[in-house]
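Listing of coords-v7.txt, compact mmCIF, C-alpha atoms
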```
# COMPACT_ATOMS: atom_id res chain seq x y z
CA MET A 13 8.81 30.71 16.52
CA ILE A 14 7.63 31.23 20.06
CA LEU A 15 5.17 28.76 21.52
CA PHE A 16 2.49 30.34 23.68
CA PHE A 17 0.75 28.66 26.58
CA ASP A 18 -2.27 29.49 28.64
CA PHE A 19 -2.13 27.91 32.05
CA HIS A 20 -5.52 28.63 33.50
CA VAL A 21 -8.41 27.43 31.36
CA LYS A 22 -11.62 25.65 32.22
CA ASP A 23 -11.81 22.06 31.04
CA ASP A 24 -14.02 22.30 27.95
CA PRO A 25 -13.34 20.82 24.49
CA GLU A 26 -14.74 23.94 22.83
CA LEU A 27 -12.18 26.11 24.61
CA VAL A 28 -9.38 23.82 23.49
CA LYS A 29 -10.53 24.14 19.89
CA GLU A 30 -10.73 27.92 20.13
CA ALA A 31 -7.29 28.15 21.75
CA ASP A 32 -5.88 26.07 18.93
CA ARG A 33 -7.38 28.50 16.41
CA LEU A 34 -5.90 31.48 18.26
CA GLY A 35 -2.43 30.00 18.07
CA TYR A 36 -1.73 28.57 21.50
CA ALA A 37 0.62 25.60 21.73
CA GLY A 38 -0.58 24.25 25.05
CA LEU A 39 -3.16 24.65 27.77
CA THR A 40 -3.59 23.59 31.36
CA LEU A 41 -7.13 22.57 32.04
CA PHE A 42 -8.74 22.97 35.42
CA SER A 43 -11.88 20.94 35.94
CA ASN A 44 -12.53 22.61 39.27
CA GLY A 45 -12.35 26.23 38.26
CA ASN A 46 -12.18 29.37 40.29
CA GLY A 47 -15.61 28.74 41.73
CA ASN A 48 -14.40 25.86 43.87
CA ASN A 49 -14.59 26.98 47.46
CA SER A 50 -12.64 25.75 50.39
CA ASN A 51 -15.34 23.23 51.26
CA GLY A 52 -14.49 21.17 48.19
CA ASN A 53 -12.75 18.38 50.01
CA GLU A 54 -10.01 16.14 48.70
CA ASN A 55 -12.30 13.33 47.56
CA LYS A 56 -14.16 15.70 45.32
CA VAL A 57 -10.94 16.92 43.78
CA GLU A 58 -9.82 13.41 42.98
CA VAL A 59 -13.09 12.42 41.39
CA ALA A 60 -13.00 15.52 39.24
CA SER A 61 -9.44 14.90 38.12
CA GLY A 62 -10.27 11.29 37.29
CA GLU A 63 -12.83 12.49 34.82
CA THR A 64 -10.34 14.86 33.33
CA THR A 65 -8.02 12.06 32.27
CA ASN A 66 -10.68 10.45 30.11
CA GLN A 67 -11.75 13.72 28.58
CA GLU A 68 -8.21 14.77 28.05
CA ASN A 69 -7.38 11.64 26.11
CA SER A 70 -10.23 12.28 23.73
CA ILE A 71 -9.14 15.90 23.33
CA LYS A 72 -5.56 14.87 22.66
CA LYS A 73 -6.63 12.68 19.77
CA GLU A 74 -8.60 15.43 18.10
CA ASN A 75 -6.20 18.34 18.53
CA PRO A 76 -2.51 18.88 17.96
CA ILE A 77 -2.53 21.26 20.92
CA LYS A 78 -1.05 19.93 24.14
CA THR A 79 -3.16 19.81 27.25
CA TYR A 80 -1.99 19.38 30.82
CA LYS A 81 -3.95 18.56 33.89
CA GLY A 82 -4.09 21.16 36.59
CA VAL A 83 -5.45 21.14 40.10
CA PHE A 84 -6.71 24.36 41.59
CA ILE A 85 -6.39 24.51 45.35
CA SER A 86 -8.28 26.95 47.49
CA ALA A 87 -7.35 26.44 51.11
CA LYS A 88 -8.55 27.87 54.37
CA ASN A 89 -5.17 28.04 56.03
CA PRO A 90 -1.52 27.19 55.26
CA GLU A 91 -1.74 23.75 56.93
CA ASN A 92 -4.80 22.86 54.88
CA MET A 93 -3.02 24.04 51.74
CA ARG A 94 0.02 21.87 52.36
CA GLN A 95 -2.14 18.80 52.86
CA LYS A 96 -4.06 19.40 49.68
CA VAL A 97 -0.90 20.04 47.68
CA LYS A 98 0.65 16.82 48.96
CA LYS A 99 -2.44 14.82 48.10
CA SER A 100 -2.91 16.09 44.57
CA ARG A 101 0.73 16.46 43.54
CA LYS A 102 1.02 12.99 42.04
CA ASN A 103 -1.91 13.15 39.65
CA ALA A 104 -1.49 16.70 38.43
CA ASP A 105 0.91 18.37 36.04
CA VAL A 106 0.35 21.82 37.42
CA ILE A 107 -0.72 22.87 40.89
CA MET A 108 -2.18 26.30 41.34
CA VAL A 109 -2.95 27.79 44.73
CA ARG A 110 -5.52 30.50 45.10
CA GLY A 111 -3.97 33.50 46.75
CA GLY A 112 -5.53 36.49 48.43
CA ASP A 113 -4.87 35.67 52.05
CA GLN A 114 -1.49 36.91 53.25
CA LYS A 115 -0.70 33.68 55.10
CA ILE A 116 -1.62 31.46 52.17
CA ASN A 117 0.36 33.66 49.79
CA ARG A 118 3.37 33.20 51.97
CA ALA A 119 2.91 29.46 52.46
CA ALA A 120 2.53 28.98 48.69
CA CYS A 121 5.71 30.94 48.01
CA GLU A 122 7.60 28.78 50.49
CA ASP A 123 6.42 25.45 49.09
CA PRO A 124 8.48 24.11 46.15
CA GLN A 125 5.67 21.67 45.35
CA VAL A 126 3.45 24.54 44.25
CA ASP A 127 3.83 25.65 40.64
CA ILE A 128 1.70 28.76 40.46
CA LEU A 129 0.39 31.19 43.02
CA SER A 130 -2.84 32.42 41.52
CA ALA A 131 -3.81 36.06 41.96
CA PRO A 132 -2.16 37.01 45.29
CA TYR A 133 -3.89 40.42 44.97
CA LEU A 134 -7.37 38.85 45.00
CA LYS A 135 -9.75 41.04 47.03
CA ARG A 136 -6.87 42.92 48.57
CA ARG A 137 -5.80 46.52 48.75
CA ASP A 138 -2.14 45.78 48.05
CA CYS A 139 -0.55 43.44 45.55
CA GLY A 140 -0.33 40.62 48.11
CA ILE A 141 3.39 40.06 47.72
CA ASN A 142 6.24 41.65 49.61
CA HIS A 143 10.00 41.36 49.43
CA VAL A 144 10.12 38.33 51.75
CA MET A 145 7.68 36.34 49.66
CA ALA A 146 9.37 37.48 46.47
CA LYS A 147 12.69 36.07 47.66
CA LYS A 148 11.08 32.78 48.65
CA ALA A 149 9.18 32.54 45.37
CA ALA A 150 12.40 33.06 43.43
CA LEU A 151 14.13 30.37 45.49
CA ASN A 152 11.34 27.81 45.11
CA GLU A 153 10.47 28.80 41.53
CA VAL A 154 6.85 29.49 42.30
CA ALA A 155 5.34 31.47 39.46
CA VAL A 156 3.07 34.39 40.26
CA GLU A 157 0.00 34.68 38.10
CA LEU A 158 -1.22 37.85 36.46
CA ASN A 159 -4.85 37.08 35.80
CA ILE A 160 -6.19 38.94 32.77
CA LYS A 161 -9.78 38.00 33.57
CA TYR A 162 -9.45 39.61 36.99
CA LEU A 163 -8.44 42.82 35.24
CA ILE A 164 -11.26 42.65 32.73
CA LYS A 165 -13.95 41.57 35.19
CA THR A 166 -13.31 44.50 37.50
CA ASN A 167 -15.35 47.60 36.90
CA SER A 168 -13.69 49.85 34.37
CA TYR A 169 -13.30 52.66 36.89
CA LEU A 170 -11.29 50.30 39.12
CA HIS A 171 -8.96 49.10 36.34
CA TYR A 172 -6.31 51.45 37.62
CA LYS A 173 -6.18 49.53 40.89
CA VAL A 174 -5.51 46.17 39.28
CA LEU A 175 -2.99 47.69 36.91
CA SER A 176 -1.10 49.23 39.82
CA HIS A 177 -1.05 45.84 41.60
CA PHE A 178 0.42 44.30 38.47
CA ARG A 179 3.00 47.07 38.36
CA GLU A 180 4.02 46.39 41.96
CA ILE A 181 4.48 42.70 41.20
CA ILE A 182 6.55 43.47 38.12
CA LYS A 183 8.72 45.81 40.16
CA LEU A 184 9.41 43.01 42.66
CA LYS A 185 10.00 40.56 39.82
CA ARG A 186 12.72 42.78 38.35
CA LYS A 187 14.43 42.94 41.69
CA TYR A 188 14.16 39.33 42.87
CA GLY A 189 13.56 37.41 39.63
CA PHE A 190 10.70 35.07 40.44
CA PRO A 191 8.84 33.75 37.39
CA LEU A 192 5.71 35.52 36.19
CA ILE A 193 2.91 33.98 34.19
CA ILE A 194 0.06 35.64 32.31
CA THR A 195 -3.12 33.59 32.17
CA SER A 196 -6.60 34.18 30.85
CA ASP A 197 -8.64 32.16 33.39
CA ALA A 198 -11.06 31.47 30.56
CA GLU A 199 -14.46 29.96 31.21
CA SER A 200 -15.93 30.57 27.79
CA ILE A 201 -14.57 31.33 24.34
CA TYR A 202 -15.23 35.01 25.02
CA ASP A 203 -12.44 35.05 27.60
CA LEU A 204 -9.67 33.81 25.33
CA HIS A 205 -7.44 36.32 23.56
CA ILE A 206 -4.72 36.16 20.94
CA PRO A 207 -1.29 35.98 22.66
CA GLN A 208 0.00 38.98 20.69
CA ASP A 209 -2.90 41.08 21.98
CA LEU A 210 -2.04 40.06 25.53
CA ILE A 211 1.58 41.06 24.94
CA ALA A 212 0.35 44.44 23.73
CA LEU A 213 -1.87 44.76 26.81
CA SER A 214 1.00 43.92 29.13
CA GLY A 215 2.67 47.11 27.91
CA CYS A 216 -0.10 48.85 29.82
CA PHE A 217 1.22 47.69 33.15
CA GLY A 218 4.84 48.31 32.41
CA MET A 219 6.10 45.02 31.01
CA ASP A 220 8.31 45.15 27.97
CA ARG A 221 8.01 42.76 25.06
CA GLU A 222 10.62 40.22 26.19
CA GLU A 223 9.18 40.00 29.68
CA ALA A 224 5.68 39.46 28.35
CA GLU A 225 6.85 36.80 25.93
CA ALA A 226 8.68 35.03 28.73
CA ALA A 227 5.55 35.16 30.88
CA LEU A 228 3.47 33.55 28.14
CA SER A 229 6.01 31.07 26.84
CA GLU A 230 9.15 30.39 28.89
CA THR A 231 7.64 30.17 32.37
CA PRO A 232 4.97 27.61 31.36
CA GLN A 233 7.57 25.50 29.57
CA LYS A 234 9.77 25.50 32.65
CA ILE A 235 6.86 24.48 34.86
CA ILE A 236 6.09 21.52 32.64
CA GLU A 237 9.75 20.52 32.48
CA ARG A 238 9.92 20.61 36.24
CA SER A 239 6.79 18.56 36.76
CA GLU A 240 8.07 15.92 34.34
CA THR A 241 11.33 15.46 36.21
CA ARG A 242 9.83 15.85 39.66
CA ASP A 243 9.32 12.11 40.23
CA LYS A 244 13.00 11.42 39.64
CA VAL A 245 14.30 14.06 42.02
CA VAL A 246 15.12 12.52 45.40
CA VAL A 247 16.35 15.54 47.32
CA ASP A 248 17.15 19.02 46.07
CA GLY A 249 19.99 18.55 43.60
CA VAL A 250 19.87 14.74 43.45
CA LYS A 251 18.19 13.06 40.49
CA ILE A 252 17.78 9.43 39.46
CA ILE A 253 19.16 8.81 35.99
CA GLU A 254 18.10 5.66 34.18
CA MET B 6 -6.06 77.69 -8.32
CA LYS B 7 -5.83 74.16 -7.08
CA LEU B 8 -5.16 73.82 -3.38
CA LYS B 9 -1.98 72.11 -2.35
CA ILE B 10 -2.33 68.88 -0.39
CA LEU B 11 -0.09 68.04 2.55
CA PRO B 12 3.25 66.66 1.30
CA PRO B 13 3.76 62.94 2.08
CA HIS B 14 6.59 63.46 4.55
CA LEU B 15 4.33 65.59 6.73
CA ARG B 16 1.38 63.18 6.70
CA ASN B 17 0.78 60.78 9.53
CA LYS B 18 2.01 57.27 8.83
CA LYS B 19 -0.87 54.84 9.03
CA ARG B 20 -1.35 51.18 9.75
CA TYR B 21 -4.50 49.15 9.21
CA LEU B 22 -5.51 46.62 11.84
CA ALA B 23 -7.82 43.87 10.69
CA PHE B 24 -9.95 42.63 13.55
CA GLU B 25 -12.62 40.06 14.24
CA VAL B 26 -15.52 40.30 16.68
CA ARG B 27 -17.39 37.32 18.04
CA SER B 28 -20.55 38.14 19.90
CA GLN B 29 -23.67 36.55 21.28
CA ASN B 30 -25.86 39.15 19.55
CA PRO B 31 -25.26 40.48 16.03
CA LEU B 32 -23.54 43.88 16.05
CA THR B 33 -23.97 46.85 13.75
CA ARG B 34 -21.20 49.12 12.56
CA ASP B 35 -22.13 51.86 15.03
CA GLU B 36 -22.05 49.41 17.92
CA VAL B 37 -18.59 48.17 16.95
CA ILE B 38 -17.35 51.76 16.80
CA SER B 39 -18.84 52.70 20.17
CA LEU B 40 -17.32 49.57 21.76
CA ILE B 41 -13.82 50.37 20.52
CA TRP B 42 -14.07 54.05 21.41
CA GLY B 43 -15.47 53.31 24.85
CA ALA B 44 -12.76 50.82 25.70
CA ALA B 45 -9.96 52.98 24.31
CA GLY B 46 -11.26 55.97 26.26
CA GLY B 47 -11.55 53.90 29.41
CA LEU B 48 -8.03 52.53 29.17
CA TYR B 49 -6.09 55.54 27.89
CA GLY B 50 -8.37 58.55 28.33
CA SER B 51 -9.00 61.30 25.81
CA CYS B 52 -5.38 62.40 25.92
CA GLY B 53 -4.07 58.98 24.95
CA VAL B 54 -6.72 58.26 22.34
CA SER B 55 -6.10 61.57 20.58
CA ARG B 56 -2.66 60.27 19.69
CA PHE B 57 -3.99 57.05 18.13
CA ASP B 58 -5.76 58.72 15.20
CA LEU B 59 -8.41 55.98 15.29
CA TRP B 60 -10.84 55.41 12.45
CA VAL B 61 -13.00 52.41 11.65
CA VAL B 62 -12.61 52.05 7.89
CA LYS B 63 -15.05 49.31 7.11
CA VAL B 64 -16.96 46.54 8.81
CA TRP B 65 -18.12 43.25 7.33
CA LYS B 66 -20.58 40.69 8.57
CA CYS B 67 -19.37 37.11 8.14
CA ASN B 68 -21.62 34.79 10.11
CA SER B 69 -20.76 31.15 10.05
CA SER B 70 -22.10 28.05 11.77
CA GLY B 71 -24.42 29.85 14.16
CA GLN B 72 -21.80 32.30 15.43
CA ASN B 73 -22.05 36.03 14.96
CA ILE B 74 -18.75 37.08 13.47
CA THR B 75 -18.02 40.62 12.39
CA LYS B 76 -14.76 41.58 10.74
CA GLY B 77 -13.43 45.02 10.20
CA ILE B 78 -10.49 47.27 9.49
CA LEU B 79 -9.31 49.88 11.97
CA ARG B 80 -6.91 52.65 11.01
CA CYS B 81 -4.39 54.00 13.49
CA ARG B 82 -1.08 55.79 13.63
CA ARG B 83 1.97 53.65 12.88
CA GLU B 84 3.74 54.29 16.16
CA GLU B 85 0.68 53.41 18.25
CA VAL B 86 -0.18 49.97 16.82
CA ASP B 87 0.73 48.12 20.01
CA ARG B 88 -1.27 50.43 22.21
CA VAL B 89 -4.30 50.16 19.94
CA ARG B 90 -4.03 46.37 20.01
CA SER B 91 -4.01 46.41 23.78
CA VAL B 92 -7.49 47.92 23.76
CA PHE B 93 -9.01 44.74 22.29
CA PRO B 94 -8.64 42.37 25.29
CA VAL B 95 -10.38 44.90 27.54
CA ILE B 96 -13.65 44.76 25.60
CA ASN B 97 -15.77 41.97 27.00
CA ARG B 98 -19.39 42.96 27.30
CA PHE B 99 -22.00 44.75 25.25
CA LYS B 100 -25.51 45.29 26.63
CA GLY B 101 -25.09 42.38 29.02
CA LYS B 102 -23.99 39.94 26.31
CA ARG B 103 -20.48 38.69 25.77
CA VAL B 104 -18.24 39.96 22.98
CA VAL B 105 -14.64 39.30 22.14
CA PHE B 106 -12.25 41.13 19.81
CA HIS B 107 -9.26 39.48 18.16
CA THR B 108 -6.62 41.10 15.97
CA LEU B 109 -6.27 39.28 12.68
CA GLY B 110 -3.25 41.21 11.47
CA VAL B 111 -1.59 44.52 10.74
CA SER B 112 -1.09 45.86 7.27
CA GLY B 113 0.12 48.97 5.47
CA THR B 114 -2.78 49.37 3.05
CA ILE B 115 -6.50 48.72 3.15
CA LYS B 116 -6.27 46.58 0.04
CA SER B 117 -3.71 44.17 1.43
CA ALA B 118 -5.39 44.06 4.84
CA ARG B 119 -8.57 43.00 3.09
CA ARG B 120 -6.87 40.48 0.85
CA LYS B 121 -4.83 38.87 3.60
CA PHE B 122 -7.14 38.84 6.58
CA ILE B 123 -10.73 39.24 5.44
CA LYS B 124 -11.94 36.52 3.16
CA GLU B 125 -14.22 36.98 0.20
CA GLY B 126 -17.93 36.39 0.42
CA SER B 127 -18.49 38.61 3.42
CA GLN B 128 -21.32 41.07 3.44
CA SER B 129 -20.40 44.71 3.95
CA LEU B 130 -22.08 46.71 6.70
CA PHE B 131 -21.87 50.43 6.18
```
Rendering of file as structure tokens:
Amino acid sequence: MILFFDFHVKDDPELVKEADRLGYAGLTLFSNGNGNNSNGNENKVEVASGETTNQENSIKKENPIKTYKGVFISAKNPENMRQKVKKSRKNADVIMVRGGDQKINRAACEDPQVDILSAPYLKRRDCGINHVMAKKAALNEVAVELNIKYLIKTNSYLHYKVLSHFREIIKLKRKYGFPLIITSDAESIYDLHIPQDLIALSGCFGMDREEAEAALSETPQKIIERSETRDKVVVDGVKIIE
Amino acid sequence: MKLKILPPHLRNKKRYLAFEVRSQNPLTRDEVISLIWGAAGGLYGSCGVSRFDLWVVKVWKCNSSGQNITKGILRCRREEVDRVRSVFPVINRFKGKRVVFHTLGVSGTIKSARRKFIKEGSQSLF
């Protein structure tokens, strides 16, 4: 059986319950959701993540579903992004960087500490990724997010635009092989969907079944595996074995 | 003289999709139908939808614990099941209130779709 994960969900016990009902095996909860602007300084992030730990423990007891702690970073410039990533790397399982700006997209692709580049096409006319970034993302194993909520929230007469961005990204993925991840970015139970429905929807932007399953199941598992072993890795290729 | 009906090998093969709707406001059967048709038309256009052979067979109201839940059975062509399923995640709003559609399962007959996915004790909405 395939285990499905959703790696972009607001931190809310009700959402965890609903996701469990819909058949997800794990979630990454973001206490500072998409709304967090660049003014949210580091202190604020840490306070928020401190709260998450307590809540998460209570959630873990109630539900068999696994939850991971994520930190969502929205930075003004690449330097700012690197600082924030460095600061929050230790107390987060998953680090997601908000894309949209060409420079930040590129910096996120070049940073192996980043797990997910969220929506590089955000408020852009192109898909936000080119061949250079695609190569870097494949090298550093930075997953590129396909945000289903972004598709659904856009006006229906502009759906074609988002779908064509997704297509572009998938084209680059086939060529360079960086990981893709499909997330719901859910803020309420009305944003969560059954994984099989999402797989069916991904046929709309040219993904086949295996690719969609990998985006919902393999990529998240790899990210978690990597973040678990990250502390033990000294340099690239050198690991401490106990 | 009795008219001949279409022989089975020439009929369209059907599948029945059981679905569930959760909404902030209670929905009627007509509203469910217009939601599905609107979203399918928006995503695939008339040309695509004409291939689906869509038909809402029946809709039930099964409210529980303060939530408005509507369940129903949707008929479509066998080859197009995946494309019909992909319409569900696109539906998110109705008259300014939130709605969400989930597929409960796919079945070959109405009877088994009802037995497997739609529990007893639900009130039918014609």
Test item: chain B residues at most 10 Å from chain A, counting only C-alpha atoms, as a PyMOL selection string: chain B and resi 26-29+44+47-49+86-98+103-109
Dig up all the protein and nucleic acid residues within 10 Å of (13.8, 33.8, 43.4) in the file frame, using only C-alpha atoms, and format them as a list in words.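 Selection result: Cys121, Met145, Ala146, Lys147, Lys148, Ala149, Ala150, Leu151, Asn152, Glu153, Val154, Ala155, Lys185, Lys187, Tyr188, Gly189, Phe190 and Pro191 of chain A.
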Selection above as a file: C-alpha atoms, as an mmCIF file, keeping the file's coordinate frame:
```cif
data_model
loop_
_atom_site.group_PDB
_atom_site.id
_atom_site.type_symbol
_atom_site.label_atom_id
_atom_site.label_comp_id
_atom_site.auth_asym_id
_atom_site.auth_seq_id
_atom_site.Cartn_x
_atom_site.Cartn_y
_atom_site.Cartn_z
ATOM 1 C CA CYS A 121 5.710 30.940 48.010
ATOM 2 C CA MET A 145 7.680 36.340 49.660
ATOM 3 C CA ALA A 146 9.370 37.480 46.470
ATOM 4 C CA LYS A 147 12.690 36.070 47.660
ATOM 5 C CA LYS A 148 11.080 32.780 48.650
ATOM 6 C CA ALA A 149 9.180 32.540 45.370
ATOM 7 C CA ALA A 150 12.400 33.060 43.430
ATOM 8 C CA LEU A 151 14.130 30.370 45.490
ATOM 9 C CA ASN A 152 11.340 27.810 45.110
ATOM 10 C CA GLU A 153 10.470 28.800 41.530
ATOM 11 C CA VAL A 154 6.850 29.490 42.300
ATOM 12 C CA ALA A 155 5.340 31.470 39.460
ATOM 13 C CA LYS A 185 10.000 40.560 39.820
ATOM 14 C CA LYS A 187 14.430 42.940 41.690
ATOM 15 C CA TYR A 188 14.160 39.330 42.870
ATOM 16 C CA GLY A 189 13.560 37.410 39.630
ATOM 17 C CA PHE A 190 10.700 35.070 40.440
ATOM 18 C CA PRO A 191 8.840 33.750 37.390
#
```
I want to know what sits within 8 Å of region 16-19 of chain A, based on only C-alpha atoms, with residues of the same chain fewer than 5 positions away left out; could you give that as a ChimeraX atom specification? /A:35-41,194-197,207,228-229,232
Using only C-alpha atoms, which residues sit within 12 Å of Ser55 (chain B) once same-chain residues fewer than 2 positions away are excluded, as an NGL selection string? :B and (42 or 45-46 or 49-53 or 57-60 or 81-82 or 85 or 89)
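Taking CA of Gln95 (chain A) as the reference point, CA of Gly249 (chain A) is found at 24.0 Å.
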Within 9 Å of Ile38 (chain B), counting only C-alpha atoms, which residues show up once you throw out same-chain ones fewer than 5 positions away? Write them as a list of chain:residue names, please.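 Contacts, in chain order: B:Thr33, B:Gly43, B:Trp60, B:Val61.
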Give me, please, the distance in Å between CA of Lys66 (chain B) and CA of Val21 (chain A), quoted to one decimal. 29.0 Å
Please, what distance in Å, to one decimal, runs between CA of Asp23 (chain A) and CA of Phe99 (chain B)?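 So the answer is 25.5 Å.
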Leaving out Ile123 (chain B) and any residue of its chain fewer than 5 positions from it, which residues lie within 10 Å of it when counting only C-alpha atoms, given as a PyMOL selection string? chain B and resi 23-25+65+67+76-78+109-110+117-118
Would you pick out the contacts of Asn30 (chain B) at 8 Å or less, using all atoms listed in the file, so that residues sharing its chain but fewer than 2 positions from it are not included, and give the list as a ChimeraX atom specification? /B:28,32,73,102
Show me the residues close to (-2.4, 21.2, 28.7) - anything with an atom within 12 Å, counting all atoms listed in the file - and format the list as a PyMOL selection string. chain A and resi 16-25+27-28+31-32+36-43+64-65+67-69+71-72+75-83+104-106+232-233+235-236
Once 6 Å is added on each side, what are the centre and the three edge lengths, in Å to one decimal, of the axis-aligned box enclosing the listed atoms of region 51-63 of chain B? Present them as lines of an AutoDock Vina configuration file.
```
center_x = -8.9
center_y = 55.9
center_z = 16.5
size_x = 24.4
size_y = 25.1
size_z = 30.8
```
Please, can region 56-78 of chain B be completed to N, CA and C atoms and returned as a short mmCIF file (atom, residue, chain, number, x, y, z; two decimals), keeping the file's coordinate frame?
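selection.cif was written with the following content:
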```cif
data_model
loop_
_atom_site.label_atom_id
_atom_site.label_comp_id
_atom_site.auth_asym_id
_atom_site.auth_seq_id
_atom_site.Cartn_x
_atom_site.Cartn_y
_atom_site.Cartn_z
N ARG B 56 -3.90 60.58 20.40
CA ARG B 56 -2.66 60.27 19.69
C ARG B 56 -2.81 59.10 18.72
N PHE B 57 -3.87 58.27 18.94
CA PHE B 57 -3.99 57.05 18.13
C PHE B 57 -4.45 57.33 16.70
N ASP B 58 -5.24 58.43 16.53
CA ASP B 58 -5.76 58.72 15.20
C ASP B 58 -6.68 57.59 14.72
N LEU B 59 -7.60 57.16 15.59
CA LEU B 59 -8.41 55.98 15.29
C LEU B 59 -9.48 56.28 14.26
N TRP B 60 -9.76 55.30 13.42
CA TRP B 60 -10.84 55.41 12.45
C TRP B 60 -11.26 54.01 12.01
N VAL B 61 -12.54 53.70 12.15
CA VAL B 61 -13.00 52.41 11.65
C VAL B 61 -13.29 52.56 10.16
N VAL B 62 -12.52 51.86 9.34
CA VAL B 62 -12.61 52.05 7.89
C VAL B 62 -13.84 51.35 7.34
N LYS B 63 -13.94 50.08 7.66
CA LYS B 63 -15.05 49.31 7.11
C LYS B 63 -15.33 48.12 8.00
N VAL B 64 -16.58 47.68 7.98
CA VAL B 64 -16.96 46.54 8.81
C VAL B 64 -17.75 45.56 7.95
N TRP B 65 -17.42 44.29 8.08
CA TRP B 65 -18.12 43.25 7.33
C TRP B 65 -18.82 42.29 8.28
N LYS B 66 -19.90 41.73 7.78
CA LYS B 66 -20.58 40.69 8.57
C LYS B 66 -20.25 39.34 7.94
N CYS B 67 -19.67 38.43 8.71
CA CYS B 67 -19.37 37.11 8.14
C CYS B 67 -19.83 36.03 9.11
N ASN B 68 -21.12 35.82 9.19
CA ASN B 68 -21.62 34.79 10.11
C ASN B 68 -21.33 33.40 9.56
N SER B 69 -20.97 32.52 10.48
CA SER B 69 -20.76 31.15 10.05
C SER B 69 -21.11 30.21 11.19
N SER B 70 -21.74 29.14 10.85
CA SER B 70 -22.10 28.05 11.77
C SER B 70 -22.68 28.56 13.09
N GLY B 71 -23.70 29.42 12.97
CA GLY B 71 -24.42 29.85 14.16
C GLY B 71 -23.73 30.89 15.00
N GLN B 72 -22.50 31.28 14.64
CA GLN B 72 -21.80 32.30 15.43
C GLN B 72 -21.89 33.65 14.74
N ASN B 73 -22.05 34.68 15.53
CA ASN B 73 -22.05 36.03 14.96
C ASN B 73 -20.63 36.52 14.86
N ILE B 74 -20.11 36.59 13.65
CA ILE B 74 -18.75 37.08 13.47
C ILE B 74 -18.79 38.35 12.63
N THR B 75 -18.14 39.38 13.13
CA THR B 75 -18.02 40.62 12.39
C THR B 75 -16.54 40.88 12.19
N LYS B 76 -16.16 41.24 10.99
CA LYS B 76 -14.76 41.58 10.74
C LYS B 76 -14.67 43.03 10.32
N GLY B 77 -13.54 43.62 10.57
CA GLY B 77 -13.43 45.02 10.20
C GLY B 77 -11.99 45.47 10.09
N ILE B 78 -11.83 46.68 9.60
CA ILE B 78 -10.49 47.27 9.49
C ILE B 78 -10.46 48.58 10.27
#
```
